[in-house]
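J.: Sharing protein_6.txt below, compact mmCIF, C-alpha atoms:
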# COMPACT_ATOMS: atom_id res chain seq x y z
CA MET W 20 88.15 119.87 125.43
CA GLY W 21 87.07 122.92 123.47
CA THR W 22 90.56 123.74 122.22
CA GLN W 23 91.04 120.11 121.25
CA ASN W 24 87.95 120.24 119.08
CA ILE W 25 89.13 123.43 117.42
CA LEU W 26 92.55 121.93 116.78
CA TRP W 27 90.98 118.77 115.38
CA SER W 28 88.72 120.67 112.99
CA TYR W 29 91.61 122.90 111.91
CA SER W 30 93.90 119.98 111.17
CA LYS W 31 91.10 118.30 109.22
CA LYS W 32 90.68 121.44 107.13
CA ILE W 33 94.43 121.72 106.49
CA PHE W 34 94.56 118.06 105.49
CA THR W 35 91.68 118.53 103.03
CA CYS W 36 93.33 121.63 101.54
CA GLY W 37 96.57 119.67 101.17
CA LEU W 38 94.81 116.84 99.37
CA ILE W 39 93.09 119.21 96.95
CA GLY W 40 96.23 121.28 96.41
CA LEU W 41 98.38 118.23 95.70
CA THR W 42 95.82 116.88 93.25
CA ILE W 43 95.59 120.17 91.36
CA SER W 44 99.35 120.60 91.21
CA ASP W 45 99.86 117.01 90.04
CA ARG W 46 97.08 116.79 87.50
CA TYR W 47 96.33 120.26 86.22
CA ALA W 48 98.90 122.99 86.79
CA SER W 49 101.59 124.11 89.19
CA LEU W 50 104.18 126.83 89.61
CA ALA W 51 107.91 126.29 89.30
CA ALA W 52 110.96 128.47 89.74
CA VAL W 53 113.51 128.67 86.94
CA ARG W 54 117.08 128.42 88.20
CA GLY W 55 120.14 129.18 86.15
CA ALA W 56 120.72 130.90 82.85
CA SER W 57 120.33 127.94 80.49
CA MET W 58 117.01 129.22 79.14
CA SER W 59 117.95 132.90 78.92
CA PRO W 60 116.74 135.12 77.27
CA THR W 61 113.32 133.41 77.49
CA PHE W 62 113.65 132.97 81.26
CA ASN W 63 116.05 134.72 83.64
CA PRO W 64 117.39 137.26 81.07
CA SER W 65 119.46 139.05 83.70
CA THR W 66 122.05 137.08 85.59
CA SER W 67 121.20 138.25 89.12
CA SER W 68 120.22 135.17 91.08
CA LEU W 69 117.82 137.07 93.34
CA LEU W 70 115.24 137.47 90.62
CA ASP W 71 114.29 133.97 89.56
CA ASP W 72 111.44 133.67 87.12
CA TYR W 73 108.37 131.73 88.14
CA VAL W 74 106.49 129.87 85.47
CA LEU W 75 103.15 128.12 85.16
CA VAL W 76 103.51 124.42 84.34
CA GLU W 77 100.54 122.74 82.71
CA LYS W 78 100.10 119.02 83.44
CA LEU W 79 97.18 118.05 81.24
CA CYS W 80 99.58 117.19 78.39
CA LEU W 81 100.69 114.18 80.46
CA SER W 82 97.48 112.29 79.69
CA THR W 83 98.49 111.94 76.03
CA TYR W 84 102.24 112.77 75.98
CA LYS W 85 101.70 114.67 72.74
CA PHE W 86 104.17 117.52 72.30
CA SER W 87 105.10 119.73 69.40
CA HIS W 88 108.36 121.29 68.27
CA GLY W 89 109.30 124.33 70.31
CA ASP W 90 107.37 123.41 73.47
CA VAL W 91 109.16 124.27 76.70
CA VAL W 92 108.94 121.32 79.09
CA VAL W 93 109.91 120.39 82.63
CA PHE W 94 111.51 116.96 82.94
CA SER W 95 113.48 115.08 85.55
CA SER W 96 117.12 114.74 84.59
CA PRO W 97 118.13 111.39 83.10
CA GLN W 98 121.31 111.53 85.16
CA ASN W 99 119.73 112.41 88.49
CA HIS W 100 116.03 111.79 88.98
CA LYS W 101 115.80 114.28 91.85
CA GLU W 102 116.79 117.21 89.63
CA ARG W 103 114.34 118.85 87.30
CA HIS W 104 115.31 120.76 84.17
CA ILE W 105 113.42 123.20 81.98
CA LYS W 106 114.34 123.00 78.29
CA ARG W 107 112.86 123.42 74.85
CA ILE W 108 111.89 120.43 72.69
CA ILE W 109 113.84 120.63 69.43
CA GLY W 110 113.25 117.19 67.99
CA LEU W 111 110.52 114.58 68.33
CA PRO W 112 110.65 110.83 67.53
CA GLY W 113 111.82 110.19 63.99
CA ASP W 114 113.46 113.60 63.48
CA TRP W 115 117.07 114.03 62.43
CA VAL W 116 118.78 116.59 64.67
CA GLY W 117 122.12 118.20 63.99
CA ILE W 118 124.34 117.99 67.07
CA ARG W 119 125.71 121.33 68.22
CA HIS W 120 129.43 122.03 67.55
CA SER W 121 129.74 119.03 65.27
CA SER W 122 128.60 117.98 61.84
CA ASP W 123 126.90 114.79 63.02
CA VAL W 124 123.21 114.23 62.69
CA PHE W 125 121.31 112.08 65.14
CA ARG W 126 117.99 110.30 64.78
CA VAL W 127 115.68 110.78 67.77
CA PRO W 128 114.52 107.26 68.77
CA GLN W 129 110.95 106.19 69.36
CA GLY W 130 109.43 107.60 72.56
CA HIS W 131 112.22 110.15 73.06
CA CYS W 132 112.72 113.84 72.43
CA TRP W 133 115.70 116.11 71.85
CA VAL W 134 115.83 119.03 74.30
CA GLU W 135 118.03 122.10 74.29
CA GLY W 136 118.31 125.30 76.28
CA ASP W 137 117.75 128.63 74.59
CA ASN W 138 121.19 129.79 75.72
CA PRO W 139 123.76 127.73 73.80
CA ALA W 140 126.60 129.14 75.91
CA SER W 141 125.59 127.55 79.19
CA SER W 142 123.17 124.74 78.85
CA MET W 143 123.29 121.15 79.95
CA ASP W 144 120.99 119.52 77.43
CA SER W 145 120.61 116.69 74.93
CA ASN W 146 123.96 117.66 73.40
CA THR W 147 125.49 116.37 76.66
CA PHE W 148 123.20 113.57 77.77
CA GLY W 149 121.47 112.50 74.57
CA PRO W 150 117.76 112.14 73.85
CA VAL W 151 115.38 112.16 76.80
CA PRO W 152 112.54 109.62 77.17
CA LEU W 153 109.19 111.39 76.96
CA GLY W 154 108.16 109.52 80.11
CA LEU W 155 110.45 111.79 82.14
CA VAL W 156 108.51 114.90 81.08
CA GLN W 157 106.54 116.33 83.99
CA GLY W 158 104.74 119.24 82.38
CA ARG W 159 104.69 121.95 79.76
CA VAL W 160 105.58 125.55 80.57
CA THR W 161 102.86 127.85 79.28
CA HIS W 162 103.22 131.22 81.04
CA ILE W 163 105.68 133.36 82.94
CA VAL W 164 103.92 134.58 86.10
CA TRP W 165 106.72 136.38 87.93
CA PRO W 166 108.21 139.04 87.65
CA PRO W 167 104.98 140.89 86.79
CA GLN W 168 106.48 143.10 84.07
CA ARG W 169 107.21 140.00 81.98
CA LEU W 170 103.92 138.25 82.68
CA GLY W 171 102.74 136.50 79.54
CA ALA W 172 102.66 133.38 77.44
CA VAL W 173 105.79 131.49 76.44
CA GLU W 174 105.92 131.30 72.68
CA LYS W 175 106.98 128.27 70.68
CA ARG W 176 110.23 128.78 68.88
CA VAL W 177 112.07 126.38 66.61
CA PRO W 178 115.66 127.15 65.62
CA GLU W 179 116.19 127.24 61.88
CA GLY W 180 118.06 124.51 60.09
CA ARG W 181 118.66 122.14 63.00
CA VAL W 182 115.90 119.63 62.47
CA SER W 183 114.61 117.74 59.50
CA SER W 184 111.85 115.20 59.71
CA LEU W 185 112.99 113.21 56.67
CA MET S 25 53.77 146.57 94.39
CA ALA S 26 57.41 147.34 93.80
CA LEU S 27 58.16 146.35 97.35
CA ARG S 28 56.36 143.05 96.94
CA ASN S 29 58.32 142.31 93.73
CA GLY S 30 61.53 143.13 95.51
CA VAL S 31 60.74 140.77 98.36
CA ARG S 32 59.90 138.03 95.88
CA GLU S 33 63.21 138.55 94.11
CA ILE S 34 65.17 138.35 97.33
CA LEU S 35 63.32 135.18 98.31
CA SER S 36 64.13 133.55 94.96
CA ILE S 37 67.79 134.50 95.31
CA ILE S 38 67.87 132.93 98.75
CA LYS S 39 66.23 129.80 97.38
CA GLU S 40 68.77 129.62 94.56
CA LYS S 41 71.60 130.09 97.00
CA SER S 42 70.40 127.19 99.11
CA LEU S 43 70.24 125.09 95.95
CA VAL S 44 73.82 125.96 95.13
CA ARG S 45 74.75 125.21 98.71
CA GLU S 46 73.06 121.83 98.51
CA ALA S 47 74.81 120.96 95.27
CA TRP S 48 78.12 122.03 96.77
CA ASP S 49 77.49 119.88 99.84
CA LYS S 50 76.94 116.90 97.56
CA ILE S 51 79.84 117.55 95.19
CA PHE S 52 82.49 118.48 97.72
CA PRO S 53 82.77 115.05 99.45
CA LEU S 54 82.99 113.44 96.02
CA ALA S 55 85.79 115.80 94.99
CA LYS S 56 87.55 115.12 98.27
CA PHE S 57 87.25 111.39 97.66
CA ALA S 58 88.68 111.75 94.15
CA CYS S 59 91.57 113.82 95.52
CA SER S 60 92.34 111.18 98.16
CA LEU S 61 92.35 108.51 95.49
CA HIS S 62 94.76 110.56 93.41
CA VAL S 63 97.13 111.16 96.32
CA ILE S 64 97.11 107.47 97.27
CA HIS S 65 97.76 106.48 93.66
CA LYS S 66 100.53 109.02 93.20
CA TYR S 67 102.39 108.76 96.50
CA LEU S 68 101.59 105.41 98.12
CA GLY S 69 100.87 102.69 95.65
CA LEU S 70 98.81 101.33 92.85
CA ILE S 71 97.23 98.18 91.51
CA VAL S 72 98.79 96.91 88.29
CA LEU S 73 97.45 94.36 85.85
CA THR S 74 100.37 92.55 84.30
CA TYR S 75 100.14 90.31 81.30
CA GLY S 76 102.35 89.00 78.53
CA PRO S 77 105.14 86.45 78.40
CA SER S 78 108.09 88.63 79.44
CA MET S 79 107.94 87.91 83.17
CA LEU S 80 107.27 84.16 82.97
CA PRO S 81 107.43 82.14 85.19
CA THR S 82 107.13 84.70 87.99
CA LEU S 83 104.05 86.44 86.63
CA SER S 84 101.64 84.53 84.46
CA LEU S 85 100.87 84.99 80.79
CA THR S 86 97.17 85.65 81.13
CA GLY S 87 97.15 88.43 83.65
CA ASP S 88 98.01 88.91 87.29
CA LEU S 89 96.72 91.64 89.56
CA VAL S 90 99.55 92.92 91.73
CA LEU S 91 100.11 95.73 94.23
CA ALA S 92 102.99 98.14 93.70
CA GLU S 93 104.19 100.73 96.19
CA ARG S 94 105.93 103.98 95.36
CA ILE S 95 107.63 104.67 98.70
CA SER S 96 110.76 102.60 98.17
CA THR S 97 111.31 103.96 94.68
CA ARG S 98 110.91 107.50 95.96
CA PHE S 99 113.52 107.03 98.68
CA GLY S 100 115.85 104.86 96.62
CA LEU S 101 115.26 101.68 98.63
CA VAL S 102 115.09 99.38 95.63
CA GLY S 103 117.81 96.89 94.83
CA PRO S 104 118.70 94.22 92.31
CA GLY S 105 116.14 91.42 92.28
CA ASP S 106 113.07 93.58 92.90
CA ILE S 107 110.21 93.42 90.44
CA VAL S 108 109.49 96.97 89.34
CA VAL S 109 107.04 98.92 87.22
CA VAL S 110 108.79 101.15 84.67
CA ARG S 111 107.35 103.63 82.22
CA SER S 112 108.47 102.35 78.85
CA PRO S 113 111.21 104.48 77.26
CA GLN S 114 109.82 103.60 73.84
CA ASN S 115 106.23 104.57 74.53
CA PRO S 116 105.50 106.95 77.42
CA ARG S 117 101.84 105.96 77.49
CA ILE S 118 102.46 102.41 78.73
CA VAL S 119 104.17 100.92 81.78
CA VAL S 120 106.01 97.62 81.77
CA THR S 121 106.83 95.16 84.55
CA LYS S 122 110.42 93.96 84.71
CA ARG S 123 113.00 92.74 87.20
CA LEU S 124 115.62 95.21 88.35
CA ILE S 125 119.06 93.77 87.59
CA GLY S 126 121.47 96.60 88.28
CA LEU S 127 121.63 100.12 89.68
CA GLU S 128 124.03 102.88 88.60
CA GLY S 129 127.65 101.79 88.72
CA ASP S 130 126.85 98.07 88.70
CA SER S 131 128.32 96.01 85.93
CA VAL S 132 125.79 93.80 84.22
CA THR S 133 126.49 90.81 82.01
CA TYR S 134 123.77 89.74 79.65
CA VAL S 135 123.30 87.32 76.78
CA VAL S 136 122.79 89.34 73.63
CA GLU S 137 120.79 86.81 71.63
CA PRO S 138 119.46 84.11 73.95
CA GLY S 139 118.61 80.91 72.11
CA LYS S 140 120.76 81.80 69.12
CA SER S 141 124.23 82.19 70.54
CA ASP S 142 126.00 82.28 73.88
CA ARG S 143 127.65 85.62 73.15
CA SER S 144 127.41 87.79 76.24
CA GLU S 145 128.31 91.39 76.87
CA THR S 146 129.13 93.32 80.01
CA ILE S 147 128.32 96.97 80.53
CA VAL S 148 128.47 99.35 83.46
CA VAL S 149 125.12 101.00 84.18
CA PRO S 150 125.61 104.78 83.73
CA LYS S 151 124.89 107.41 86.36
CA GLY S 152 121.23 107.84 87.24
CA HIS S 153 120.15 104.79 85.28
CA ILE S 154 118.96 101.27 86.05
CA TRP S 155 119.10 97.99 84.13
CA VAL S 156 115.88 96.01 83.86
CA GLU S 157 115.24 92.62 82.30
CA GLY S 158 112.30 90.30 81.98
CA ASP S 159 112.53 86.93 83.70
CA ASN S 160 111.81 85.24 80.39
CA ILE S 161 114.89 86.42 78.53
CA TYR S 162 113.78 84.75 75.31
CA VAL S 163 110.65 86.86 74.89
CA SER S 164 111.26 90.17 76.57
CA ASN S 165 111.63 93.71 75.37
CA ASP S 166 113.93 95.14 78.02
CA SER S 167 117.25 96.88 78.68
CA ARG S 168 119.02 94.38 76.44
CA LYS S 169 117.12 96.02 73.60
CA PHE S 170 116.62 99.63 74.64
CA GLY S 171 119.58 100.05 76.96
CA PRO S 172 119.72 101.37 80.51
CA VAL S 173 116.64 103.26 81.70
CA PRO S 174 116.72 106.56 83.65
CA TYR S 175 115.74 106.10 87.30
CA GLY S 176 113.05 108.75 86.84
CA LEU S 177 111.01 106.33 84.76
CA LEU S 178 110.74 103.93 87.70
CA GLN S 179 107.13 103.98 88.88
CA GLY S 180 106.98 101.52 91.73
CA LYS S 181 108.06 98.27 93.26
CA ILE S 182 105.73 95.28 93.11
CA PHE S 183 105.41 93.54 96.46
CA TRP S 184 102.14 91.62 96.63
CA ARG S 185 100.04 89.54 94.27
CA ILE S 186 96.27 89.62 94.78
CA TRP S 187 95.04 87.70 91.75
CA PRO S 188 94.89 84.77 90.90
CA PRO S 189 93.90 83.79 94.45
CA LYS S 190 95.99 80.62 94.52
CA ASP S 191 99.16 82.71 94.23
CA PHE S 192 97.99 85.36 96.69
CA GLY S 193 100.96 86.54 98.66
CA SER S 194 104.28 88.31 98.79
CA LEU S 195 106.45 88.83 95.71
CA ARG S 196 109.61 89.84 97.47
CA ARG S 197 113.15 89.48 96.24
CA ASN S 198 114.31 85.85 95.82
CA SER S 199 110.90 84.51 96.73
CA THR S 200 110.88 82.87 93.33
CA LYS S 201 114.11 81.40 92.14
CA ASP S 202 113.73 81.01 88.42
CA PRO S 203 116.05 78.78 86.39
CA ILE S 204 115.89 80.86 83.20
CA PHE S 205 117.25 83.91 84.92
CA ASP S 206 120.17 81.94 86.33
CA LYS S 207 121.06 80.68 82.90
CA GLY S 208 121.45 84.24 81.71
CA LEU S 209 124.46 84.74 83.96
CA PRO S 210 127.88 83.85 82.63
CA SER S 211 129.08 80.35 83.44
CA ALA S 212 132.68 80.56 82.31
What does this structure look like when you write it as structure tokens?

T.:
Amino acid sequence: MGTQNILWSYSKKIFTCGLIGLTISDRYASLAAVRGASMSPTFNPSTSSLLDDYVLVEKLCLSTYKFSHGDVVVFSSPQNHKERHIKRIIGLPGDWVGIRHSSDVFRVPQGHCWVEGDNPASSMDSNTFGPVPLGLVQGRVTHIVWPPQRLGAVEKRVPEGRVSSL
Amino acid sequence: MALRNGVREILSIIKEKSLVREAWDKIFPLAKFACSLHVIHKYLGLIVLTYGPSMLPTLSLTGDLVLAERISTRFGLVGPGDIVVVRSPQNPRIVVTKRLIGLEGDSVTYVVEPGKSDRSETIVVPKGHIWVEGDNIYVSNDSRKFGPVPYGLLQGKIFWRIWPPKDFGSLRRNSTKDPIFDKGLPSA
């Protein structure tokens, strides 16, 4: 009887912690691992797969869906909703974006954004699958938290001469 | 004297601590309740108020209160004919209610300009996308206008109507056979 009570109170505590943890990670902030080299050199500058970067993902931006140029965001892939990608926002609705490796310009439609990786050599981004609906964005990357020697904020960066808002 | 002051200080600290404790005891259940609400809303289901003409005659113009669940969308158990809640690709701040017409790989035929001409087009829904249309094809802003929608924008599947009370009940696939929707399919 005694052990049952202890078990019951423990499971109640674990359940409560789970509820609170889920809420915080859904609504406020969570951690995510960066896989692959598509965002190097910002994340994963060295190619060894053992040392993935961990980043802090802020979720409060999802209440307004307001983003600015150069924000790094996490979004679920338009081609496979179970995959999540981390890329940088290059263009916002109404911008004209020059498509990489071609002379075409593309107008970002309403409610969409143009995302690209920082590493043009190996990145699966809007140049492959087109503009991404802002509704797929799941958070904004604000800080690198692991490895400790590169702990710090992620700065906004906009490539020169790719975007014009005319 | 100093001793007495010290004792007084300690007593006041203890009193303060019990105040904090009391406040915590009051706030914590509230926080827990809010967290439970969030988890239910995010992982189980939600109540949606639908209005507008796009889903006539299935859902009314003035506003229906319906229940949507997120489990079948999470595990990919939705199919053509389900009424779904989708985050609008044109405005991420709003969600729209539409009927799911096709999943990835399905070929969908739709009338481009209903009411004006009978011209219809057929497309194959690309990988990871879905095709949604309103039941009232004459007044509906849907995939015919903004194209296929990524599956990730799917928020839930509507299964039960709770308001108005005279229509209380299940909203499952094929429970309402609507003539307008049938007309949208090719006849030749």

J.: Please determine the contact residues of chain S with respect to chain W at a cut-off of 12 Å, counting all atoms listed in the file, and supply them as a PyMOL selection string.

T.: chain S and resi 52-67+97-100+110-119+128+149-154+170-179

J.: If we count all atoms listed in the file and set the cut-off at 9 Å, which residues sit around region 72-77 of chain S, ignoring sequence neighbours fewer than 5 positions away in its own chain? Please answer as a PyMOL selection string.

T.: chain S and resi 83-92+109+120-121+158+160+163-164+182

J.: Go ahead and write the residues just picked, C-alpha atoms, as a PDB file, keeping the file's coordinate frame.

T.:
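Contents of the output file again.pdb:
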ATOM      1  CA  LEU S  83     104.050  86.440  86.630  1.00  0.00           C
ATOM      2  CA  SER S  84     101.640  84.530  84.460  1.00  0.00           C
ATOM      3  CA  LEU S  85     100.870  84.990  80.790  1.00  0.00           C
ATOM      4  CA  THR S  86      97.170  85.650  81.130  1.00  0.00           C
ATOM      5  CA  GLY S  87      97.150  88.430  83.650  1.00  0.00           C
ATOM      6  CA  ASP S  88      98.010  88.910  87.290  1.00  0.00           C
ATOM      7  CA  LEU S  89      96.720  91.640  89.560  1.00  0.00           C
ATOM      8  CA  VAL S  90      99.550  92.920  91.730  1.00  0.00           C
ATOM      9  CA  LEU S  91     100.110  95.730  94.230  1.00  0.00           C
ATOM     10  CA  ALA S  92     102.990  98.140  93.700  1.00  0.00           C
ATOM     11  CA  VAL S 109     107.040  98.920  87.220  1.00  0.00           C
ATOM     12  CA  VAL S 120     106.010  97.620  81.770  1.00  0.00           C
ATOM     13  CA  THR S 121     106.830  95.160  84.550  1.00  0.00           C
ATOM     14  CA  GLY S 158     112.300  90.300  81.980  1.00  0.00           C
ATOM     15  CA  ASN S 160     111.810  85.240  80.390  1.00  0.00           C
ATOM     16  CA  VAL S 163     110.650  86.860  74.890  1.00  0.00           C
ATOM     17  CA  SER S 164     111.260  90.170  76.570  1.00  0.00           C
ATOM     18  CA  ILE S 182     105.730  95.280  93.110  1.00  0.00           C
TER      19      ILE S 182
END

J.: Mind checking which residues fall within 10 Å of Arg119 (chain W), counting only C-alpha atoms, ignoring those fewer than 4 positions away in the same chain, and posting them as a list in words?

T.: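 My list of contacting residues is Asp123, Val124, Glu135, Pro139, Ser145, Asn146, Thr147 and Arg181 of chain W.
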
J.: If we count all atoms listed in the file and set the cut-off at 12 Å, which residues sit around Ser184 (chain W), ignoring sequence neighbours fewer than 2 positions away in its own chain? Please answer as an MDAnalysis selection string.

T.: chainID W and resid 88 109:117 124:127 180:182

J.: May I have the residues within 8 Å of Lys78 (chain W) as a ChimeraX atom specification, using all atoms listed in the file and disregarding those fewer than 5 positions away in the same chain?

T.: /W:44-49,157-159

J.: Could you jot down the CA of Trp184 (chain S) to CA of Gly103 (chain S) separation for me, Å, one decimal place?

T.: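 Going from CA of Trp184 (chain S) over to CA of Gly103 (chain S), I get 16.6 Å.
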
J.: How many Å lie between CA of Ser131 (chain S) and CA of Val134 (chain W), rounded to one decimal?

T.: 28.7 Å

J.: Would you list the contacts of Leu70 (chain W) as a PyMOL selection string, taking every protein, DNA or RNA residue within 12 Å and counting only C-alpha atoms, but skipping same-chain residues closer than 6 positions in sequence?

T.: chain W and resi 52-56+62-64+165-167

J.: S:Leu43, S:Leu35, S:Val132, S:Ile161: which is nearest Glu145 (chain S), counting all atoms listed in the file?

T.: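 Of the candidates, the smallest distance to Glu145 (chain S) is held by S:Val132.
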
J.: Can you report as lines of an AutoDock Vina configuration file the centre and edge lengths in Å, to one decimal, of an axis-aligned box around the listed atoms of region 36-40 of chain W padded with 4 Å on each side?

T.:
center_x = 94.8
center_y = 119.2
center_z = 99.0
size_x = 11.5
size_y = 12.8
size_z = 13.1

J.: Go through W:Gln168, W:Ser183, W:Ser87, W:Ser30 and flag the residue nearest Asp72 (chain W), using all atoms listed in the file for the distances.

T.: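 Closest to Asp72 (chain W) of all the choices is W:Gln168.
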
J.: Please indicate the distance in Å from CA of Ser141 (chain S) to CA of Glu157 (chain S), rounded to one decimal place.

T.: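 Computing it gives 18.1 Å between the two atoms.
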